[in-house]
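File shown: upload_25.json. Contents: JSON, C-alpha atoms.
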[["chain", "number", "residue", "atom", "x", "y", "z"],
["A", 261, "MET", "CA", 170.74, 93.90, 169.65],
["A", 262, "LYS", "CA", 172.76, 96.38, 167.65],
["A", 263, "ILE", "CA", 173.60, 95.96, 164.00],
["A", 264, "ARG", "CA", 176.65, 97.82, 162.81],
["A", 265, "VAL", "CA", 177.09, 98.37, 159.10],
["A", 266, "THR", "CA", 180.57, 99.38, 157.99],
["A", 267, "VAL", "CA", 180.84, 101.12, 154.64],
["A", 268, "LEU", "CA", 184.27, 101.54, 153.02],
["A", 269, "PRO", "CA", 185.44, 102.76, 149.62],
["A", 270, "LYS", "CA", 186.22, 99.87, 147.30],
["A", 271, "PRO", "CA", 189.96, 99.11, 147.17],
["A", 272, "SER", "CA", 189.96, 99.99, 143.45],
["A", 273, "VAL", "CA", 188.60, 103.49, 144.12],
["A", 274, "LEU", "CA", 190.84, 106.43, 145.01],
["A", 275, "ASP", "CA", 190.14, 107.44, 148.61],
["A", 276, "PRO", "CA", 191.59, 110.93, 149.13],
["A", 277, "GLN", "CA", 190.62, 110.95, 152.82],
["A", 278, "GLY", "CA", 192.51, 107.68, 153.32],
["A", 279, "VAL", "CA", 195.58, 109.07, 151.53],
["A", 280, "ALA", "CA", 195.53, 112.26, 153.61],
["A", 281, "THR", "CA", 195.13, 110.26, 156.83],
["A", 282, "ALA", "CA", 198.00, 107.94, 155.85],
["A", 283, "ASP", "CA", 200.22, 110.97, 155.22],
["A", 284, "ALA", "CA", 199.39, 112.34, 158.68],
["A", 285, "MET", "CA", 200.15, 108.95, 160.26],
["A", 286, "LYS", "CA", 203.55, 108.87, 158.55],
["A", 287, "HIS", "CA", 204.19, 112.36, 159.86],
["A", 288, "LEU", "CA", 203.46, 111.08, 163.38],
["A", 289, "GLY", "CA", 206.03, 108.30, 163.03],
["A", 290, "TRP", "CA", 204.02, 105.38, 161.63],
["A", 291, "PRO", "CA", 206.57, 103.10, 159.94],
["A", 292, "GLY", "CA", 206.45, 102.55, 156.18],
["A", 293, "THR", "CA", 203.51, 103.65, 154.05],
["A", 294, "PRO", "CA", 200.23, 102.79, 155.74],
["A", 295, "ARG", "CA", 197.29, 101.83, 153.54],
["A", 296, "VAL", "CA", 194.27, 103.58, 155.01],
["A", 297, "ARG", "CA", 190.67, 103.77, 153.91],
["A", 298, "VAL", "CA", 188.16, 106.07, 155.52],
["A", 299, "GLY", "CA", 184.51, 105.10, 155.58],
["A", 300, "LYS", "CA", 181.58, 105.25, 157.92],
["A", 301, "MET", "CA", 179.83, 103.09, 160.47],
["A", 302, "ILE", "CA", 176.08, 103.04, 160.86],
["A", 303, "GLU", "CA", 174.63, 101.61, 164.07],
["A", 304, "ILE", "CA", 171.06, 100.36, 164.06],
["A", 305, "ASP", "CA", 169.24, 99.57, 167.29],
["A", 306, "VAL", "CA", 167.12, 96.47, 166.86],
["A", 307, "PRO", "CA", 164.79, 95.70, 169.75],
["A", 308, "GLY", "CA", 163.51, 92.15, 169.66],
["A", 309, "GLU", "CA", 164.04, 89.79, 166.76],
["A", 310, "SER", "CA", 166.70, 90.37, 164.17],
["A", 311, "PRO", "CA", 165.40, 91.81, 160.90],
["A", 312, "ASP", "CA", 164.81, 89.94, 157.71],
["A", 313, "GLU", "CA", 168.23, 89.21, 156.14],
["A", 314, "HIS", "CA", 167.05, 90.03, 152.64],
["A", 315, "LEU", "CA", 165.68, 93.40, 153.76],
["A", 316, "LEU", "CA", 168.84, 94.22, 155.71],
["A", 317, "HIS", "CA", 171.06, 93.50, 152.72],
["A", 318, "SER", "CA", 168.84, 95.43, 150.33],
["A", 319, "ILE", "CA", 168.97, 98.47, 152.64],
["A", 320, "CYS", "CA", 172.75, 98.17, 152.91],
["A", 321, "ARG", "CA", 173.06, 97.91, 149.14],
["A", 322, "ASP", "CA", 170.47, 100.49, 148.07],
["A", 323, "LEU", "CA", 170.66, 103.12, 150.80],
["A", 324, "LEU", "CA", 173.56, 102.80, 153.22],
["A", 325, "SER", "CA", 176.21, 102.20, 150.55],
["A", 326, "ASN", "CA", 176.68, 103.00, 146.89],
["A", 327, "PRO", "CA", 177.83, 99.76, 145.23],
["A", 328, "VAL", "CA", 179.54, 101.71, 142.43],
["A", 329, "ILE", "CA", 182.19, 102.98, 144.85],
["A", 330, "GLU", "CA", 181.68, 101.27, 148.22],
["A", 331, "ASP", "CA", 181.54, 97.88, 149.93],
["A", 332, "TYR", "CA", 179.65, 97.15, 153.13],
["A", 333, "SER", "CA", 179.92, 94.61, 155.90],
["A", 334, "ILE", "CA", 177.53, 93.77, 158.73],
["A", 335, "GLN", "CA", 178.43, 93.08, 162.36],
["A", 336, "ARG", "CA", 176.02, 92.16, 165.11],
["A", 337, "ALA", "CA", 176.62, 93.07, 168.75],
["A", 338, "ASP", "CA", 174.58, 92.56, 171.90],
["B", 290, "MET", "CA", 157.67, 124.55, 126.96],
["B", 291, "LYS", "CA", 157.02, 124.06, 130.67],
["B", 292, "PHE", "CA", 159.81, 123.27, 133.13],
["B", 293, "ALA", "CA", 159.59, 121.63, 136.54],
["B", 294, "VAL", "CA", 162.41, 122.66, 138.89],
["B", 295, "LEU", "CA", 162.50, 120.19, 141.76],
["B", 296, "ARG", "CA", 162.95, 121.45, 145.29],
["B", 297, "PHE", "CA", 164.27, 119.20, 148.06],
["B", 298, "PRO", "CA", 164.98, 120.19, 151.65],
["B", 299, "GLY", "CA", 168.44, 121.73, 151.20],
["B", 300, "SER", "CA", 168.19, 122.61, 147.51],
["B", 301, "ASN", "CA", 169.74, 126.04, 147.02],
["B", 302, "CYS", "CA", 170.01, 126.57, 143.27],
["B", 303, "ASP", "CA", 166.30, 126.15, 142.56],
["B", 304, "GLN", "CA", 165.73, 129.92, 142.53],
["B", 305, "ASP", "CA", 168.66, 130.45, 140.17],
["B", 306, "CYS", "CA", 167.20, 127.88, 137.77],
["B", 307, "LEU", "CA", 163.70, 129.36, 137.97],
["B", 308, "ARG", "CA", 165.03, 132.86, 137.44],
["B", 309, "THR", "CA", 167.15, 132.02, 134.44],
["B", 310, "LEU", "CA", 164.38, 130.02, 132.78],
["B", 311, "ARG", "CA", 161.77, 132.73, 133.36],
["B", 312, "ASP", "CA", 163.81, 135.93, 133.00],
["B", 313, "ASN", "CA", 166.46, 134.98, 130.47],
["B", 314, "PHE", "CA", 164.37, 132.68, 128.30],
["B", 315, "GLY", "CA", 160.76, 133.65, 128.99],
["B", 316, "ALA", "CA", 160.01, 130.00, 129.69],
["B", 317, "SER", "CA", 157.31, 128.75, 132.02],
["B", 318, "ALA", "CA", 158.88, 127.18, 135.11],
["B", 319, "ASP", "CA", 157.41, 125.93, 138.38],
["B", 320, "ALA", "CA", 159.09, 124.86, 141.57],
["B", 321, "VAL", "CA", 157.97, 121.32, 142.37],
["B", 322, "TRP", "CA", 158.26, 120.18, 145.99],
["B", 323, "HIS", "CA", 159.90, 116.80, 146.50],
["B", 324, "LYS", "CA", 156.76, 115.33, 148.09],
["B", 325, "GLU", "CA", 154.86, 115.59, 144.81],
["B", 326, "THR", "CA", 154.13, 112.27, 143.15],
["B", 327, "SER", "CA", 153.55, 113.53, 139.61],
["B", 328, "VAL", "CA", 155.40, 115.69, 137.11],
["B", 329, "ASP", "CA", 152.80, 115.15, 134.40],
["B", 330, "GLY", "CA", 152.30, 118.18, 132.18],
["B", 331, "TYR", "CA", 155.94, 119.26, 132.30],
["B", 332, "ASP", "CA", 158.08, 119.14, 129.16],
["B", 333, "ALA", "CA", 161.40, 119.13, 130.99],
["B", 334, "ILE", "CA", 162.66, 118.58, 134.53],
["B", 335, "VAL", "CA", 165.55, 120.34, 136.25],
["B", 336, "VAL", "CA", 167.10, 118.75, 139.34],
["B", 337, "PRO", "CA", 168.97, 121.71, 140.84],
["B", 338, "GLY", "CA", 172.07, 122.00, 142.97],
["B", 339, "GLY", "CA", 172.38, 122.39, 146.71],
["B", 340, "PHE", "CA", 172.77, 120.08, 149.65],
["B", 341, "SER", "CA", 169.62, 117.98, 149.64],
["B", 342, "TYR", "CA", 169.08, 116.43, 153.06],
["B", 343, "GLY", "CA", 172.30, 118.05, 154.22],
["B", 344, "ASP", "CA", 174.31, 115.58, 152.10],
["B", 345, "TYR", "CA", 173.65, 113.08, 154.91],
["B", 346, "LEU", "CA", 174.89, 109.53, 154.24],
["B", 347, "ARG", "CA", 176.09, 110.47, 150.72],
["B", 348, "CYS", "CA", 175.26, 113.38, 148.43],
["B", 349, "GLY", "CA", 171.86, 112.63, 146.90],
["B", 350, "ALA", "CA", 171.48, 109.28, 148.70],
["B", 351, "ILE", "CA", 168.32, 110.25, 150.57],
["B", 352, "ALA", "CA", 166.82, 112.63, 147.98],
["B", 353, "ARG", "CA", 166.74, 109.81, 145.45],
["B", 354, "TYR", "CA", 164.02, 108.18, 147.55],
["B", 355, "SER", "CA", 161.86, 111.31, 147.69],
["B", 356, "PRO", "CA", 158.37, 110.68, 146.23],
["B", 357, "VAL", "CA", 158.97, 112.98, 143.25],
["B", 358, "MET", "CA", 161.87, 110.82, 142.04],
["B", 359, "GLY", "CA", 159.49, 108.01, 141.11],
["B", 360, "ALA", "CA", 157.64, 110.46, 138.91],
["B", 361, "VAL", "CA", 160.94, 111.71, 137.42],
["B", 362, "THR", "CA", 161.97, 108.13, 136.62],
["B", 363, "ARG", "CA", 158.67, 107.47, 134.83],
["B", 364, "ALA", "CA", 158.86, 110.78, 132.92],
["B", 365, "ALA", "CA", 162.46, 110.10, 131.89],
["B", 366, "ALA", "CA", 161.41, 106.67, 130.58],
["B", 367, "ARG", "CA", 158.86, 108.45, 128.35],
["B", 368, "GLY", "CA", 161.70, 110.59, 126.95],
["B", 369, "VAL", "CA", 161.12, 113.78, 128.95],
["B", 370, "PRO", "CA", 164.47, 115.64, 129.20],
["B", 371, "VAL", "CA", 165.95, 115.70, 132.71],
["B", 372, "LEU", "CA", 168.81, 118.07, 133.59],
["B", 373, "GLY", "CA", 170.68, 117.46, 136.85],
["B", 374, "ILE", "CA", 173.07, 120.18, 137.97],
["B", 375, "CYS", "CA", 175.68, 119.60, 140.72],
["B", 376, "ASN", "CA", 173.68, 118.01, 143.58],
["B", 377, "GLY", "CA", 171.08, 117.21, 140.91],
["B", 378, "PHE", "CA", 173.77, 115.21, 139.05],
["B", 379, "GLN", "CA", 174.59, 113.39, 142.29],
["B", 380, "ILE", "CA", 170.91, 112.60, 142.88],
["B", 381, "LEU", "CA", 170.48, 111.22, 139.34],
["B", 382, "CYS", "CA", 173.55, 108.99, 139.77],
["B", 383, "GLU", "CA", 172.31, 107.74, 143.14],
["B", 384, "ALA", "CA", 168.91, 107.04, 141.55],
["B", 385, "GLY", "CA", 170.59, 104.93, 138.87],
["B", 386, "LEU", "CA", 169.27, 107.22, 136.12],
["B", 387, "LEU", "CA", 172.85, 108.03, 135.17],
["B", 388, "PRO", "CA", 175.86, 105.72, 135.34],
["B", 389, "GLY", "CA", 178.74, 106.21, 137.77],
["B", 390, "ALA", "CA", 179.05, 108.08, 141.05],
["B", 391, "LEU", "CA", 180.37, 111.36, 142.42],
["B", 392, "MET", "CA", 183.01, 111.16, 145.13],
["B", 393, "ARG", "CA", 184.95, 113.52, 147.38],
["B", 394, "ASN", "CA", 187.21, 115.83, 145.36],
["B", 395, "ARG", "CA", 190.73, 114.48, 144.93],
["B", 396, "GLY", "CA", 192.26, 117.42, 146.79],
["B", 397, "LEU", "CA", 189.59, 117.25, 149.55],
["B", 398, "HIS", "CA", 188.86, 120.98, 149.10],
["B", 399, "PHE", "CA", 185.53, 122.49, 148.22],
["B", 400, "ILE", "CA", 186.15, 124.09, 144.82],
["B", 401, "CYS", "CA", 184.36, 127.29, 143.88],
["B", 402, "ARG", "CA", 185.63, 128.86, 140.66],
["B", 403, "THR", "CA", 185.08, 129.13, 136.93],
["B", 404, "VAL", "CA", 186.38, 126.30, 134.77],
["B", 405, "HIS", "CA", 186.72, 125.62, 131.07],
["B", 406, "LEU", "CA", 184.75, 122.74, 129.61],
["B", 407, "ARG", "CA", 184.92, 121.11, 126.25],
["B", 408, "VAL", "CA", 181.59, 120.03, 124.83],
["B", 409, "THR", "CA", 182.14, 116.48, 123.64],
["B", 410, "ASN", "CA", 178.61, 115.67, 122.48],
["B", 411, "ILE", "CA", 177.02, 118.33, 120.26],
["B", 412, "THR", "CA", 173.87, 116.43, 119.31],
["B", 413, "SER", "CA", 172.11, 115.92, 122.67],
["B", 414, "PRO", "CA", 168.97, 117.95, 123.51],
["B", 415, "PHE", "CA", 171.12, 119.89, 125.99],
["B", 416, "THR", "CA", 174.09, 120.68, 123.72],
["B", 417, "ARG", "CA", 172.73, 120.76, 120.18],
["B", 418, "GLY", "CA", 173.32, 124.52, 120.04],
["B", 419, "THR", "CA", 177.09, 124.01, 120.35],
["B", 420, "LYS", "CA", 179.73, 123.51, 117.68],
["B", 421, "GLU", "CA", 182.30, 120.73, 117.35],
["B", 422, "GLY", "CA", 185.16, 121.33, 119.81],
["B", 423, "GLU", "CA", 183.39, 124.25, 121.53],
["B", 424, "VAL", "CA", 184.81, 125.39, 124.87],
["B", 425, "VAL", "CA", 182.52, 127.00, 127.46],
["B", 426, "ARG", "CA", 183.29, 128.75, 130.76],
["B", 427, "LEU", "CA", 181.05, 127.75, 133.66],
["B", 428, "PRO", "CA", 181.32, 128.01, 137.44],
["B", 429, "VAL", "CA", 181.74, 124.97, 139.65],
["B", 430, "ALA", "CA", 181.02, 124.88, 143.40],
["B", 431, "HIS", "CA", 181.32, 121.46, 144.95],
["B", 432, "GLY", "CA", 183.12, 119.26, 147.44],
["B", 433, "GLU", "CA", 182.01, 115.95, 145.94],
["B", 434, "GLY", "CA", 182.42, 116.28, 142.20],
["B", 435, "CYS", "CA", 184.99, 113.61, 141.43],
["B", 436, "TYR", "CA", 183.25, 111.47, 138.83],
["B", 437, "PHE", "CA", 183.96, 107.75, 138.98],
["B", 438, "ALA", "CA", 182.83, 104.81, 136.88],
["B", 439, "ASP", "CA", 184.46, 101.44, 136.25],
["B", 440, "GLU", "CA", 186.35, 100.75, 133.02],
["B", 441, "THR", "CA", 183.49, 98.81, 131.39],
["B", 442, "THR", "CA", 181.06, 101.66, 132.06],
["B", 443, "LEU", "CA", 183.56, 104.25, 130.83],
["B", 444, "GLN", "CA", 184.03, 102.36, 127.59],
["B", 445, "LYS", "CA", 180.27, 102.28, 127.07],
["B", 446, "LEU", "CA", 180.09, 106.02, 127.76],
["B", 447, "GLU", "CA", 182.87, 106.71, 125.24],
["B", 448, "ASP", "CA", 181.40, 104.41, 122.59],
["B", 449, "GLY", "CA", 177.89, 105.79, 123.04],
["B", 450, "GLY", "CA", 178.92, 109.45, 122.94],
["B", 451, "GLN", "CA", 177.54, 109.85, 126.44],
["B", 452, "ILE", "CA", 180.30, 112.10, 127.76],
["B", 453, "ALA", "CA", 178.86, 115.59, 127.24],
["B", 454, "PHE", "CA", 181.44, 117.80, 128.97],
["B", 455, "ARG", "CA", 185.08, 117.41, 129.97],
["B", 456, "TYR", "CA", 187.23, 119.75, 132.04],
["B", 457, "CYS", "CA", 189.78, 121.35, 129.70],
["B", 458, "GLU", "CA", 192.28, 124.17, 129.24],
["B", 459, "ALA", "CA", 191.20, 127.47, 127.68],
["B", 460, "ASP", "CA", 192.31, 126.15, 124.29],
["B", 461, "GLY", "CA", 190.19, 123.02, 124.66],
["B", 462, "SER", "CA", 193.02, 120.59, 125.38],
["B", 463, "ILE", "CA", 192.09, 117.99, 127.97],
["B", 464, "THR", "CA", 194.93, 117.81, 130.50],
["B", 465, "PRO", "CA", 195.35, 116.57, 134.09],
["B", 466, "ALA", "CA", 196.05, 120.18, 135.16],
["B", 467, "ALA", "CA", 192.63, 121.27, 133.90],
["B", 468, "ASN", "CA", 190.90, 118.64, 136.04],
["B", 469, "PRO", "CA", 189.76, 120.41, 139.22],
["B", 470, "ASN", "CA", 188.54, 117.40, 141.23],
["B", 471, "GLY", "CA", 190.13, 114.18, 139.98],
["B", 472, "SER", "CA", 187.22, 113.08, 137.82],
["B", 473, "VAL", "CA", 188.08, 110.04, 135.74],
["B", 474, "ARG", "CA", 188.95, 111.06, 132.15],
["B", 475, "ASN", "CA", 188.19, 114.71, 133.05],
["B", 476, "ILE", "CA", 184.46, 113.96, 132.91],
["B", 477, "ALA", "CA", 182.26, 116.89, 134.01],
["B", 478, "GLY", "CA", 178.93, 115.78, 132.56],
["B", 479, "VAL", "CA", 177.35, 112.57, 131.27],
["B", 480, "LEU", "CA", 174.22, 111.56, 129.38],
["B", 481, "ASN", "CA", 172.16, 108.41, 129.79],
["B", 482, "SER", "CA", 172.19, 105.98, 126.86],
["B", 483, "GLN", "CA", 168.90, 107.39, 125.47],
["B", 484, "GLY", "CA", 170.37, 110.91, 125.58],
["B", 485, "ASN", "CA", 167.45, 112.56, 127.40],
["B", 486, "ILE", "CA", 169.10, 112.79, 130.83],
["B", 487, "LEU", "CA", 172.14, 115.00, 131.43],
["B", 488, "GLY", "CA", 174.00, 115.39, 134.70],
["B", 489, "LEU", "CA", 176.85, 117.86, 135.12],
["B", 490, "MET", "CA", 178.76, 119.33, 138.05],
["B", 491, "PRO", "CA", 179.20, 122.87, 136.62],
["B", 492, "HIS", "CA", 176.36, 125.38, 136.92],
["B", 493, "PRO", "CA", 175.03, 126.64, 133.57],
["B", 494, "GLU", "CA", 172.22, 128.53, 135.38],
["B", 495, "ARG", "CA", 174.84, 130.70, 137.07],
["B", 496, "ALA", "CA", 176.32, 131.75, 133.72],
["B", 497, "CYS", "CA", 173.41, 133.22, 131.79],
["B", 498, "GLU", "CA", 173.93, 136.94, 132.37],
["B", 499, "GLU", "CA", 176.87, 139.23, 131.50],
["B", 500, "ARG", "CA", 177.07, 140.55, 135.04],
["B", 501, "LEU", "CA", 177.67, 137.03, 136.33],
["B", 502, "GLY", "CA", 180.88, 136.81, 134.32],
["B", 503, "SER", "CA", 179.79, 134.41, 131.61],
["B", 504, "THR", "CA", 176.79, 133.76, 129.42],
["B", 505, "ASP", "CA", 178.11, 130.41, 128.23],
["B", 506, "GLY", "CA", 175.50, 128.55, 130.27],
["B", 507, "LYS", "CA", 172.73, 129.84, 128.04],
["B", 508, "VAL", "CA", 173.52, 127.30, 125.36],
["B", 509, "VAL", "CA", 172.30, 124.43, 127.60],
["B", 510, "PHE", "CA", 168.86, 125.97, 128.15],
["B", 511, "ALA", "CA", 168.63, 127.34, 124.60],
["B", 512, "SER", "CA", 169.41, 123.87, 123.23],
["B", 513, "LEU", "CA", 166.73, 122.35, 125.44],
["B", 514, "LEU", "CA", 164.17, 124.97, 124.41],
["B", 515, "SER", "CA", 164.93, 124.52, 120.72],
["B", 516, "ALA", "CA", 164.74, 120.74, 121.12],
["B", 517, "GLY", "CA", 161.40, 121.10, 122.89],
["B", 518, "LEU", "CA", 160.01, 123.40, 120.22],
["B", 519, "ALA", "CA", 161.19, 121.04, 117.51],
["B", 520, "SER", "CA", 159.42, 118.09, 119.14],
["B", 521, "VAL", "CA", 156.19, 120.10, 119.52],
["B", 522, "SER", "CA", 156.06, 121.27, 115.90]]

Re-express the file's structure as structure tokens.
Amino acid sequence: MKIRVTVLPKPSVLDPQGVATADAMKHLGWPGTPRVRVGKMIEIDVPGESPDEHLLHSICRDLLSNPVIEDYSIQRAD
Amino acid sequence: MKFAVLRFPGSNCDQDCLRTLRDNFGASADAVWHKETSVDGYDAIVVPGGFSYGDYLRCGAIARYSPVMGAVTRAAARGVPVLGICNGFQILCEAGLLPGALMRNRGLHFICRTVHLRVTNITSPFTRGTKEGEVVRLPVAHGEGCYFADETTLQKLEDGGQIAFRYCEADGSITPAANPNGSVRNIAGVLNSQGNILGLMPHPERACEERLGSTDGKVVFASLLSAGLASVS
């Protein structure tokens, strides 16, 4: 199993990479003003049983994201 | 007064800090490797700048879990002064020893130049040698120096006098144009609520000799040394 953790800047936080990317998209013909946020995706290979939920969330909260400025979400894939 | 200057894989301002403490102030200063689990016997701790762990994940995100950081947290709780410069500021924020976070600069560029800063707390152990409204010139060199904290935190910082430095014009006025990186309320340096931890993006250790273009950084170390001497006597 793979666990994918997506980390994105909170909507309330200025994301200069998102703004710059949106500007480039407009330049390439994207209609209107796109709202873009740029974050990161962390893929964790999990052989065998899925990890303890509490541990997974604490690692997402304390290491993989900074809750002051970022939100995370977890996806599982085979 | 004995200083510990932490050294992580990727620290690159540790030598500058050691040199300025030893050569410009005659202080005792040791480099302390991040694997150490004690900082007992040191009167002050400097967390220097650089790119600890290659800035992987986020600046300071991995360094904050280095063994030495547990010792720093315990020392800080006892009131030992802790000075975090640039990446050191980022590490202290990631560790939760200082409020807020440092984000990518508003303009996305790495900024390397000298800026003006207004000292907005003149009573901390790091700034007690300054005068009301004093403006200092210090170099900055960072890509992730945009300070962010939510409104509630900012209000606490303002009310508690925890904002130590703000980016300003040469005359001390705090304007959007003087803000190099988009930091909220022009914040360049913050203190914890007890006042014994300071984090700032500018580099005082790079401004302690005439030939470096400014000696304004000396006041930070001189304040710390005078505070240390006062507490010993």

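All of the residues in chain B within 7 Å of chain A are Leu346, Ala350, Gly389, Ala390, Arg395, Gly396 and Leu397 of chain B, where all atoms listed in the file were counted.
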
Problem - Pick from B:Gly434, B:Gly450, B:Gly339, B:Gly506 nearest to Val473 of chain B, counting only C-alpha atoms - result: B:Gly434

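Between atom CA of Met285 of chain A and atom CA of His398 of chain B the interatomic distance comes to 19.9 Å.
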
Practice task
Could you tell me how far atom CA of Asp303 of chain B lies from atom CA of Val335 of chain B, in Å and to one decimal?
Solution key: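 Separating atom CA of Asp303 of chain B from atom CA of Val335 of chain B is a distance of 8.6 Å.
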
Exercise for the section: May I ask for the distance between atom CA of Val298 of chain A and atom CA of Gly278 of chain A, given in Å to one decimal place? Expected result: 5.1 Å

Exercise for the section: Tell me, as a count of residues only, which residues lie within 10 Å of Asp332 of chain B, counting only C-alpha atoms; anything in the same chain fewer than 3 positions away does not count. Expected result: 15

Practice task
Please provide the set of residues having any atom within 12 Å of Asn410 of chain B, restricted to all atoms listed in the file, with same-chain residues fewer than 4 positions apart removed, written as a ChimeraX atom specification.
Solution key: /B:406,414-424,446-455,478-480,484,487,509

Practice task
Measuring atom to atom with all atoms listed in the file, identify which of B:Ser300, B:Thr309, B:Asn376, B:Gln444 is nearest to Ala496 of chain B.
Solution key: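 The shortest atom-to-atom distance to Ala496 of chain B comes from B:Thr309.
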
Spatial neighbours of Ala360 of chain B, 8 Å, all atoms listed in the file, chain gap at least 2 places, as an mmCIF file with C-alpha atoms, keeping the file's coordinate frame:
data_model
loop_
_atom_site.group_PDB
_atom_site.id
_atom_site.type_symbol
_atom_site.label_atom_id
_atom_site.label_comp_id
_atom_site.auth_asym_id
_atom_site.auth_seq_id
_atom_site.Cartn_x
_atom_site.Cartn_y
_atom_site.Cartn_z
ATOM 1 C CA THR B 326 154.130 112.270 143.150
ATOM 2 C CA SER B 327 153.550 113.530 139.610
ATOM 3 C CA VAL B 328 155.400 115.690 137.110
ATOM 4 C CA PRO B 356 158.370 110.680 146.230
ATOM 5 C CA VAL B 357 158.970 112.980 143.250
ATOM 6 C CA MET B 358 161.870 110.820 142.040
ATOM 7 C CA THR B 362 161.970 108.130 136.620
ATOM 8 C CA ARG B 363 158.670 107.470 134.830
ATOM 9 C CA ALA B 364 158.860 110.780 132.920
#

Handout entry: Shell of 8 Å around Thr464 of chain B, only C-alpha atoms, local chain residues under 6 positions omitted, as a PyMOL selection string
Key = chain B and resi 457-458+475

With N, CA and C atoms as the target, complete segment 312-326 of chain A and hand it back as a short mmCIF file (atom, residue, chain, number, x, y, z; two decimals), in the coordinates of the input.
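In the end it all went to part-v4.cif:
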data_model
loop_
_atom_site.label_atom_id
_atom_site.label_comp_id
_atom_site.auth_asym_id
_atom_site.auth_seq_id
_atom_site.Cartn_x
_atom_site.Cartn_y
_atom_site.Cartn_z
N ASP A 312 164.72 90.79 158.88
CA ASP A 312 164.81 89.94 157.71
C ASP A 312 166.15 90.18 156.99
N GLU A 313 166.88 89.09 156.75
CA GLU A 313 168.23 89.21 156.14
C GLU A 313 168.17 89.87 154.78
N HIS A 314 167.17 89.49 154.00
CA HIS A 314 167.05 90.03 152.64
C HIS A 314 166.84 91.54 152.68
N LEU A 315 165.95 91.97 153.61
CA LEU A 315 165.68 93.40 153.76
C LEU A 315 166.92 94.15 154.22
N LEU A 316 167.63 93.57 155.19
CA LEU A 316 168.84 94.22 155.71
C LEU A 316 169.86 94.42 154.59
N HIS A 317 170.08 93.38 153.80
CA HIS A 317 171.06 93.50 152.72
C HIS A 317 170.60 94.49 151.65
N SER A 318 169.30 94.50 151.36
CA SER A 318 168.84 95.43 150.33
C SER A 318 168.99 96.87 150.80
N ILE A 319 168.78 97.11 152.11
CA ILE A 319 168.97 98.47 152.64
C ILE A 319 170.45 98.84 152.63
N CYS A 320 171.31 97.90 152.97
CA CYS A 320 172.75 98.17 152.91
C CYS A 320 173.19 98.50 151.49
N ARG A 321 172.64 97.76 150.54
CA ARG A 321 173.06 97.91 149.14
C ARG A 321 172.46 99.17 148.51
N ASP A 322 171.18 99.43 148.80
CA ASP A 322 170.47 100.49 148.07
C ASP A 322 170.50 101.84 148.77
N LEU A 323 170.70 101.84 150.08
CA LEU A 323 170.66 103.12 150.80
C LEU A 323 171.97 103.43 151.52
N LEU A 324 172.43 102.49 152.34
CA LEU A 324 173.56 102.80 153.22
C LEU A 324 174.88 102.85 152.47
N SER A 325 174.98 102.14 151.35
CA SER A 325 176.21 102.20 150.55
C SER A 325 175.85 102.46 149.10
N ASN A 326 176.83 102.89 148.34
CA ASN A 326 176.68 103.00 146.89
C ASN A 326 177.59 101.95 146.25
#
